[in-house]
Each structure stands twice: as structure tokens, then as C-alpha cells.
Amino acid sequence: MIEVKDLSKRYGENVALDHISFSVGEDTIVGFLGPNGAGKSTTMNIITGYISASSGSVTVGGHDTVDEPNEAKKLIGYMPEIPPLYPDMTVREYLNFIYDLKKVTLPREKHLKEICTLIRINNVYGRLIANLSKGYRQRVGLAQALVGNPPVLVLDEPTVGLDPKQIIEVRNLIKSLGKNHTVILSSHILPEVQAVADRIIIINRGRLAADGTPYELEHGQSGEQKLVVRLEGNSGEVQHALESIRGVLHVRNFGEKEPGVFEYEVDGRGGVDLRRPLFGIASKRNWPILSMSSSELSLEDVFLRLTGTTYLSDNAKVKFSSKGGDRV
Amino acid sequence: MKAICMKELKGYYLSPIGYVFSGVLLLFFGFYYFQVMMTLSSSYIPSIYSMLFTWCMMILLPILTMRSFSEEIRNKTDQGLLTAPVGVFSIVFGKFLAAFLVFAIALAASLIPAVILSFFSDPDWIQIFGTILGSLLYGAAMISIGIFISSLTQSQMVAAIATFGVSLLLLLLGGFSSSVNNEFLANFLSWISFDSRYQPFTRGIFSVSGLVFFLSVVAVFTFLTARKLESKRWS
């Protein structure tokens, strides 16, 4: 449905996008993930034909967005980061205007009513957009993208400014739309993308950092596994012993957690189960294991690894700080 | 194009701008009317129209066009327009048409006193209609320039003042031509002077060169506005 080839965008010296390529099939939900300023909106603006690329091409449904802009735009419903709303119009006037602008041929009243019911804006249908709350404006922005029932939906941060209940509603809505639409949505909030997307594309500093299903990203990224273990015993000896286990790449001491008990993080090569040899050593040396947990790389770790901590968004920082330890 | 034109027209008449525009125009008009008829006791009214429209071009048209694209750019609603399946030209032309209609409606309203006067006297209709035709053409050219200027800035104020400056300059340009020594420059100045193109119409002469001139200005600035909006797509 969407084919992006070798897309670059430069603003003078500044490279916003650096040779990005990917394609999206029909009826899938793709999540664009990346820290703020990574190039998500730029990519979306190019796909929807708002700005042009410095090089590369985009085709939507077989139509090149530069050579046949109107055919391509007909297939796309776009909700920009700031919804393009006219504050001096009522929701009814606005949606009717969009209906005329897009030259939709579906039965007017019925079609608009359906959208309003789906997005739940029936109760504000006659109100001025200027008087709507941010959440409702966001929804009207989404409604606007759905007018004409285009097969491709491009949604730039669709849940910004919504309360938690609305966020869940909108996520469910996007999921159900994904059954018969191609949806591209962007976010810098990881759980959101994880919750709705069939496929995740991570963009960082204008480059494609990863592309795959959430499962693939979690499991295929590095093949490493990680153990967090609490052992009672002399920390220096324990660390030395742990490092001597075959397959262990790195041991990090998190410090004394209880009197005489230290916590260690053990990174191991993929495919090697470290739990048994670790138990063997601990029992031989008589170091009681007080806790041991194994964790594969979470999507969060993948995201952090790919994008680098310095570029983390605020949301992500709050989320990750509780985990402790410095990460690469 | 129709959708945008209708939206703009609604915008003009749901906000005070449309009414202020027509109201102020008719106020000026009433004042001149009063002056000619009461103080001069004359029924020669074409001069009222030609005088009035000069004011109208300079002061009122910039107000009509200032919000055209500036407001869209400021509210980021241009993103909605430019990603809709419509050509840039129909967006620009829709906006132009709406502003032009508001202008034409105000001009049409200014004919009411002349119609009433015709019951008692015999106004010079040829000159009056000539002036109105000339004004429509002059106005169309100024509107297209104003819309172009508003596509250059987010600020309505800057758009209005710049358009005012340009229209004042164009109006005065013809006057300079007589005080310039260089013959080529003098001819050039009177050639691009909007006022000298407009004057034949006020005398009841249908000037084809004037018609072509003003329509060309409209075409050029509509084209430039469209290119400006599209510039995002090739920068």
C-alpha cells in the first residue's frame, strides 16, 4: 500500500531524514517510534504530500506522491500533530467543509453521522470548535481524517492531550480501524505503540534504527539474556566466580541490598542458560541465592539501545528511572 | 475550489470583517454623496464613485485579504488544505473568488443611491458603470496581490500593512512619471501605474488594454501565490 524508497530530507546543513526505506502492506498498523525530533513527523508530512523529500520517492496505492499528488492524497486520511481545525466553525460545519473539500461521494449525512458515532463526538456536533476541550479537538481531528473513508490513515501522535480513559478508547478505535485500513501512527511513548501496532519502525536521528514486529524486536535485537541475582557472600569473590561461568559476558554489582547480600546483573550470550551453572557454583561455595530473575531484553531496552539515553523523551525517562542501573 | 470559496465567504460574513468592509465602504460613500448633492447641489455623481474606489483600494482591500493565508499558516490549517486531494490553484482561486465576491457585493450595494437618484434625475450611467467595471478589475488585481502577500507571512498585521504600502505605491507611481527625466523610465512608470490603467474606465471608456493588464496581474499573482504554497514541496 505504501512504498517508501530511500527517502532523505535536508534543511540546509541539517539532515532530518537520512535514506529511509520501508513498505507497508494493506490492513496493518505500523507504529513509528522515536525520540522527539527523530524525523517521525517529517516522514509523515512527506508521505501525505505536505512537504517534499530532498531525494527518494513515496508511492501510495501505486501513485507517486510527487507525480500524481491528488490520486495519492485521495487514499490518505491525515491527522497532523496539530489538528487543522478552524476555531470559528462548529464541528458540523467543519466536517461538512472537509467532506466538500475531499469531494467525497458517500451519502453525506449518513457518512458524517457514522464517523461521529465512531469517534463519539455526537454530543459536541453543534458546538464551536473554539469552545471544545483539547481532547475533543483531538477527536475532531481524527474524525476529519476519517471523512471519505480513505484506505490509509496517517496519524501523528493521535493520543497527545487525552486523558487515560480517552487514550484507551482511541487505542481501541485505532486497533479496530486497523482491521480494514492501513494505519501509520507515530508516538514517542513506547507502551502506546506496543499496545496497538502490528509492526514497529524505530527512527532515530533521521535514520531507520529498527523495523519488525514487537516480538521480533524483543527477541532478535541482540540475542543476549540477562539475569538479576541476589547472593549472600563476599562480593569480590562472588563477582569473580560469576564472571568465570561460561557464556557470561559481563557482571555488574548493584551494591549491598541487605546485610551481607549483594545484587548482581549477569549478562550472558544468547542461547546459554546461565541459571543452572550459577546455581551449581553458588551451592558449591555455599552462597545462598536469595532471589534470581531472568529477563530477556524488553522493548524498552531495545528502544534505549537503539536511540541512546541522551535522546530520551521525558515520559520514557520517568518510566525507566525506576529500574536503576546505567544503560547503553 | 467551491468548498474553499464557500468556506471563505462564510468566514467573511460570520466574522465582522465582511460587514465592516461593506459598512465602512458605504459610510464613505454616503459622505461623498452628501457632499456632492447637498453642498454642490449637483446630480453629477460618477466622480463620487471614482473618488471612493481609490480609498477603498488603499484602505479596505488590505483588510479583506490580510487573513487569507496568514491565518491558515498560523493555525496550521494549511496542512489540512495542502494534504487534501485538491490542487493548489483551486485553493488560491477559491480564496480569491470569495474575497472578490465580498468586494463586488459591497460595490453593488453602493449603486442603491444612484438608482434612487435616477427617479428624479438622469445620472450618467455609462460613466458610473465604467467606473464600477474599472473598480472591479482594479480590485481583483489588488486582491490577488493582497492574497499573495498574506501567503508570505503568519501575521495578519504585517500582511495588511504591506498590502497597504504596495497599493499606495501603485497608486502614486503614475504621478512620478511626469517628474522623471528619463523617457524610458517615465513610460515604464506610467505603464505599470494602476491608476493610469483605471482612469479610462472612469470616463466611460472600455479600455481593452486595461482589462488585459488587470487580468494579467491577477493571473501572475495567483500563480505566484500557488508557487509560494507549493514551495514546501520543492524546497
# chains A, B, ... in the order shown; residues from 1 in each chain; ligands from 1
>>> interface_residues(of="chain B", to="chain A", cutoff="12 Å", atoms="only C-alpha atoms", output="JSON, numbers by chain")
{"B": [1, 2, 3, 4, 5, 6, 7, 8, 10, 11, 12, 13, 14, 15, 16, 71, 72, 73, 74, 75, 76, 77, 78, 79, 80, 81, 82, 83, 84, 85, 86, 87, 88, 90, 91, 94, 229, 230, 231, 232, 233, 234, 235]}
>>> write_last_selection(atoms="N, CA and C atoms", output="compact mmCIF listing (two decimals), in the first residue's frame")
# COMPACT_ATOMS: atom_id res chain seq x y z
N MET B 1 -12.47 23.80 -5.15
CA MET B 1 -12.49 25.26 -5.24
C MET B 1 -13.77 25.81 -4.64
N LYS B 2 -14.89 25.14 -4.97
CA LYS B 2 -16.17 25.61 -4.47
C LYS B 2 -16.21 25.53 -2.94
N ALA B 3 -15.70 24.40 -2.42
CA ALA B 3 -15.72 24.21 -0.97
C ALA B 3 -14.94 25.32 -0.28
N ILE B 4 -13.77 25.65 -0.83
CA ILE B 4 -12.94 26.68 -0.20
C ILE B 4 -13.57 28.05 -0.32
N CYS B 5 -14.14 28.32 -1.51
CA CYS B 5 -14.80 29.61 -1.72
C CYS B 5 -15.96 29.78 -0.74
N MET B 6 -16.77 28.73 -0.59
CA MET B 6 -17.92 28.82 0.32
C MET B 6 -17.45 29.01 1.76
N LYS B 7 -16.42 28.27 2.13
CA LYS B 7 -15.89 28.38 3.49
C LYS B 7 -15.40 29.80 3.76
N GLU B 8 -14.70 30.37 2.78
CA GLU B 8 -14.17 31.72 2.95
C GLU B 8 -15.30 32.74 3.04
N LYS B 10 -18.33 32.25 4.07
CA LYS B 10 -18.92 32.10 5.40
C LYS B 10 -18.04 32.80 6.43
N GLY B 11 -16.72 32.59 6.28
CA GLY B 11 -15.78 33.20 7.21
C GLY B 11 -15.90 34.71 7.20
N TYR B 12 -16.07 35.30 6.01
CA TYR B 12 -16.19 36.76 5.91
C TYR B 12 -17.46 37.25 6.57
N TYR B 13 -18.56 36.52 6.36
CA TYR B 13 -19.83 37.05 6.84
C TYR B 13 -20.23 36.52 8.22
N LEU B 14 -19.49 35.52 8.73
CA LEU B 14 -19.76 35.11 10.12
C LEU B 14 -18.88 35.90 11.07
N SER B 15 -17.79 36.45 10.53
CA SER B 15 -16.96 37.32 11.36
C SER B 15 -17.32 38.74 10.98
N PRO B 16 -16.87 39.73 11.76
CA PRO B 16 -17.27 41.11 11.44
C PRO B 16 -16.66 41.64 10.14
N GLU B 71 -3.74 33.50 8.36
CA GLU B 71 -4.43 32.81 9.44
C GLU B 71 -4.27 31.30 9.31
N GLU B 72 -4.35 30.81 8.07
CA GLU B 72 -4.21 29.37 7.85
C GLU B 72 -2.82 28.91 8.28
N ILE B 73 -1.81 29.71 7.93
CA ILE B 73 -0.44 29.30 8.27
C ILE B 73 -0.25 29.33 9.78
N ARG B 74 -0.81 30.36 10.40
CA ARG B 74 -0.66 30.48 11.84
C ARG B 74 -1.34 29.33 12.58
N ASN B 75 -2.56 28.98 12.16
CA ASN B 75 -3.29 27.89 12.83
C ASN B 75 -2.91 26.52 12.32
N LYS B 76 -1.97 26.47 11.40
CA LYS B 76 -1.52 25.21 10.79
C LYS B 76 -2.64 24.50 10.05
N THR B 77 -3.67 25.24 9.67
CA THR B 77 -4.75 24.60 8.92
C THR B 77 -4.36 24.45 7.45
N ASP B 78 -3.30 25.15 7.04
CA ASP B 78 -2.85 24.97 5.66
C ASP B 78 -2.42 23.52 5.43
N GLN B 79 -2.00 22.87 6.52
CA GLN B 79 -1.61 21.47 6.41
C GLN B 79 -2.81 20.62 5.97
N GLY B 80 -3.99 20.96 6.50
CA GLY B 80 -5.19 20.24 6.10
C GLY B 80 -5.53 20.48 4.63
N LEU B 81 -5.42 21.75 4.21
CA LEU B 81 -5.76 22.09 2.83
C LEU B 81 -4.79 21.44 1.85
N LEU B 82 -3.49 21.52 2.19
CA LEU B 82 -2.49 21.06 1.23
C LEU B 82 -2.38 19.55 1.16
N THR B 83 -2.90 18.84 2.17
CA THR B 83 -2.87 17.38 2.08
C THR B 83 -4.21 16.82 1.61
N ALA B 84 -5.16 17.72 1.30
CA ALA B 84 -6.43 17.27 0.73
C ALA B 84 -6.24 17.09 -0.78
N PRO B 85 -7.06 16.22 -1.37
CA PRO B 85 -6.89 15.97 -2.81
C PRO B 85 -7.41 17.11 -3.68
N VAL B 86 -6.90 18.31 -3.47
CA VAL B 86 -7.25 19.44 -4.34
C VAL B 86 -5.96 20.12 -4.79
N GLY B 87 -6.00 20.69 -5.97
CA GLY B 87 -4.81 21.36 -6.48
C GLY B 87 -4.59 22.67 -5.76
N VAL B 88 -3.35 23.14 -5.77
CA VAL B 88 -3.02 24.39 -5.10
C VAL B 88 -3.74 25.56 -5.76
N SER B 90 -6.66 25.62 -7.16
CA SER B 90 -8.06 25.77 -6.78
C SER B 90 -8.17 26.31 -5.36
N ILE B 91 -7.19 26.03 -4.51
CA ILE B 91 -7.20 26.63 -3.16
C ILE B 91 -7.06 28.15 -3.28
N GLY B 94 -10.07 29.73 -5.07
CA GLY B 94 -11.24 29.74 -4.19
C GLY B 94 -11.19 30.92 -3.24
N LEU B 229 2.83 28.55 -1.97
CA LEU B 229 2.26 27.47 -1.15
C LEU B 229 2.92 26.14 -1.47
N GLU B 230 3.25 25.98 -2.74
CA GLU B 230 3.87 24.72 -3.15
C GLU B 230 5.34 24.66 -2.80
N SER B 231 5.91 25.81 -2.42
CA SER B 231 7.37 25.84 -2.24
C SER B 231 7.81 24.81 -1.21
N LYS B 232 6.93 24.48 -0.25
CA LYS B 232 7.26 23.44 0.72
C LYS B 232 7.53 22.12 0.03
N ARG B 233 6.93 21.99 -1.15
CA ARG B 233 7.07 20.70 -1.83
C ARG B 233 8.30 20.64 -2.73
N TRP B 234 8.97 21.75 -2.92
CA TRP B 234 10.22 21.63 -3.67
C TRP B 234 11.41 22.33 -3.03
N SER B 235 11.28 22.67 -1.75
CA SER B 235 12.45 23.26 -1.10
C SER B 235 13.33 22.15 -0.54
>>> residues_around(residues="B:Phe28", least_positions_apart="4", cutoff="9 Å", atoms="only C-alpha atoms", output="PyMOL selection string")
chain B and resi 23-24+32-33+52+55-56
>>> residues_around(residues="B:Pro200", least_positions_apart="5", cutoff="9 Å", atoms="only C-alpha atoms", output="PyMOL selection string")
chain B and resi 130-131+134+205-207+210
>>> residues_around(residues="A:Glu192", least_positions_apart="2", cutoff="9 Å", atoms="only C-alpha atoms", output="JSON, numbers by chain")
{"A": [31, 159, 167, 171, 187, 188, 189, 190, 194, 195, 196, 197]}
>>> select_by_dssp(residues="stretch 2-240 of chain A", states="helix (DSSP H, G or I)", output="PyMOL selection string")
chain A and resi 40-47+69-74+91-101+108-119+122-124+129-131+134-146+164-177+190-196+214-220+235-240
>>> residues_around(residues="stretch 141-155 of chain B", least_positions_apart="2", cutoff="6 Å", atoms="only C-alpha atoms", output="ChimeraX atom specification")
/B:65-66,69-70,73-74,138-139,157-159,163,214,217-218,221,225
>>> decode(residues="stretch 192-306 of chain A", atoms="C-alpha atoms", output="CSV table (one decimal), in the first residue's frame")
chain,number,residue,atom,x,y,z
A,192,GLU,CA,1.3,3.0,23.2
A,193,VAL,CA,2.9,1.7,20.1
A,194,GLN,CA,3.4,-1.7,21.7
A,195,ALA,CA,-0.3,-1.8,22.5
A,196,VAL,CA,-1.7,-1.2,19.0
A,197,ALA,CA,0.9,-1.8,16.4
A,198,ASP,CA,1.5,-4.9,14.4
A,199,ARG,CA,4.8,-3.6,13.4
A,200,ILE,CA,7.2,-1.1,14.8
A,201,ILE,CA,9.6,1.1,13.0
A,202,ILE,CA,12.1,2.9,15.2
A,203,ILE,CA,13.5,6.1,13.8
A,204,ASN,CA,16.4,7.8,15.4
A,205,ARG,CA,18.2,11.0,14.3
A,206,GLY,CA,16.7,10.6,10.8
A,207,ARG,CA,17.7,7.0,10.3
A,208,LEU,CA,15.8,3.8,10.4
A,209,ALA,CA,17.1,2.1,13.6
A,210,ALA,CA,14.9,-1.0,13.6
A,211,ASP,CA,11.9,-2.5,11.8
A,212,GLY,CA,9.9,-5.5,12.9
A,213,THR,CA,7.1,-6.9,15.0
A,214,PRO,CA,7.3,-6.2,18.7
A,215,TYR,CA,8.2,-9.8,19.2
A,216,GLU,CA,11.0,-9.7,16.7
A,217,LEU,CA,12.4,-6.6,18.2
A,218,GLU,CA,12.4,-8.0,21.7
A,219,HIS,CA,13.9,-11.3,20.7
A,220,GLY,CA,16.0,-10.6,17.7
A,221,GLN,CA,17.8,-7.5,18.7
A,222,SER,CA,20.9,-8.8,20.4
A,223,GLY,CA,20.3,-12.4,21.4
A,224,GLU,CA,21.5,-11.5,24.9
A,225,GLN,CA,19.9,-12.6,28.1
A,226,LYS,CA,20.1,-11.1,31.4
A,227,LEU,CA,19.9,-12.4,35.0
A,228,VAL,CA,19.4,-10.4,38.1
A,229,VAL,CA,20.5,-12.3,41.1
A,230,ARG,CA,20.9,-11.7,44.9
A,231,LEU,CA,23.6,-13.7,46.6
A,232,GLU,CA,24.9,-13.7,50.1
A,233,GLY,CA,28.7,-13.8,50.3
A,234,ASN,CA,31.9,-11.8,49.8
A,235,SER,CA,31.1,-9.5,46.8
A,236,GLY,CA,34.5,-9.7,45.3
A,237,GLU,CA,34.7,-13.5,45.3
A,238,VAL,CA,31.1,-13.8,44.1
A,239,GLN,CA,31.7,-11.4,41.2
A,240,HIS,CA,34.8,-13.2,40.2
A,241,ALA,CA,33.1,-16.6,40.3
A,242,LEU,CA,30.2,-15.4,38.3
A,243,GLU,CA,32.5,-14.0,35.6
A,244,SER,CA,34.1,-17.3,35.3
A,245,ILE,CA,30.9,-19.0,34.2
A,246,ARG,CA,31.0,-20.0,30.6
A,247,GLY,CA,28.8,-17.7,28.4
A,248,VAL,CA,28.9,-14.8,30.8
A,249,LEU,CA,29.8,-11.6,29.1
A,250,HIS,CA,29.6,-9.1,31.9
A,251,VAL,CA,28.7,-8.9,35.6
A,252,ARG,CA,27.7,-5.7,37.3
A,253,ASN,CA,27.5,-5.3,41.0
A,254,PHE,CA,24.4,-3.2,42.1
A,255,GLY,CA,25.7,-3.0,45.7
A,256,GLU,CA,24.6,-4.3,49.1
A,257,LYS,CA,20.9,-4.7,49.3
A,258,GLU,CA,20.6,-6.5,52.6
A,259,PRO,CA,23.3,-7.0,55.2
A,260,GLY,CA,25.9,-9.2,53.5
A,261,VAL,CA,23.7,-9.6,50.4
A,262,PHE,CA,24.7,-8.1,47.1
A,263,GLU,CA,22.7,-7.9,43.9
A,264,TYR,CA,24.4,-8.6,40.6
A,265,GLU,CA,23.3,-8.3,37.0
A,266,VAL,CA,24.7,-11.0,34.8
A,267,ASP,CA,24.7,-10.5,31.0
A,268,GLY,CA,25.0,-13.7,29.1
A,269,ARG,CA,25.3,-14.8,25.5
A,270,GLY,CA,22.1,-15.8,23.8
A,271,GLY,CA,21.2,-19.5,23.8
A,272,VAL,CA,23.1,-20.3,27.0
A,273,ASP,CA,21.0,-20.8,30.1
A,274,LEU,CA,23.0,-19.4,32.9
A,275,ARG,CA,20.7,-20.3,35.8
A,276,ARG,CA,21.9,-23.9,36.3
A,277,PRO,CA,25.7,-23.2,36.3
A,278,LEU,CA,25.1,-20.3,38.5
A,279,PHE,CA,23.2,-22.4,41.0
A,280,GLY,CA,26.0,-25.0,40.8
A,281,ILE,CA,28.6,-22.5,41.8
A,282,ALA,CA,26.6,-20.9,44.5
A,283,SER,CA,25.8,-24.3,46.1
A,284,LYS,CA,29.4,-25.4,45.9
A,285,ARG,CA,30.6,-22.3,47.6
A,286,ASN,CA,27.7,-22.2,50.0
A,287,TRP,CA,26.4,-18.8,48.9
A,288,PRO,CA,22.6,-18.8,49.4
A,289,ILE,CA,20.7,-17.5,46.4
A,290,LEU,CA,18.1,-15.1,47.8
A,291,SER,CA,16.5,-14.2,44.5
A,292,MET,CA,17.1,-14.8,40.9
A,293,SER,CA,15.1,-13.4,38.0
A,294,SER,CA,15.8,-13.9,34.3
A,295,SER,CA,14.8,-11.3,31.8
A,296,GLU,CA,15.1,-11.1,28.1
A,297,LEU,CA,15.6,-7.6,26.6
A,298,SER,CA,12.4,-5.7,26.9
A,299,LEU,CA,11.2,-3.5,24.1
A,300,GLU,CA,12.2,-0.6,26.3
A,301,ASP,CA,15.8,-1.9,26.4
A,302,VAL,CA,15.7,-2.2,22.7
A,303,PHE,CA,14.4,1.3,22.3
A,304,LEU,CA,17.1,2.7,24.6
A,305,ARG,CA,19.9,0.8,23.0
A,306,LEU,CA,18.8,2.0,19.5
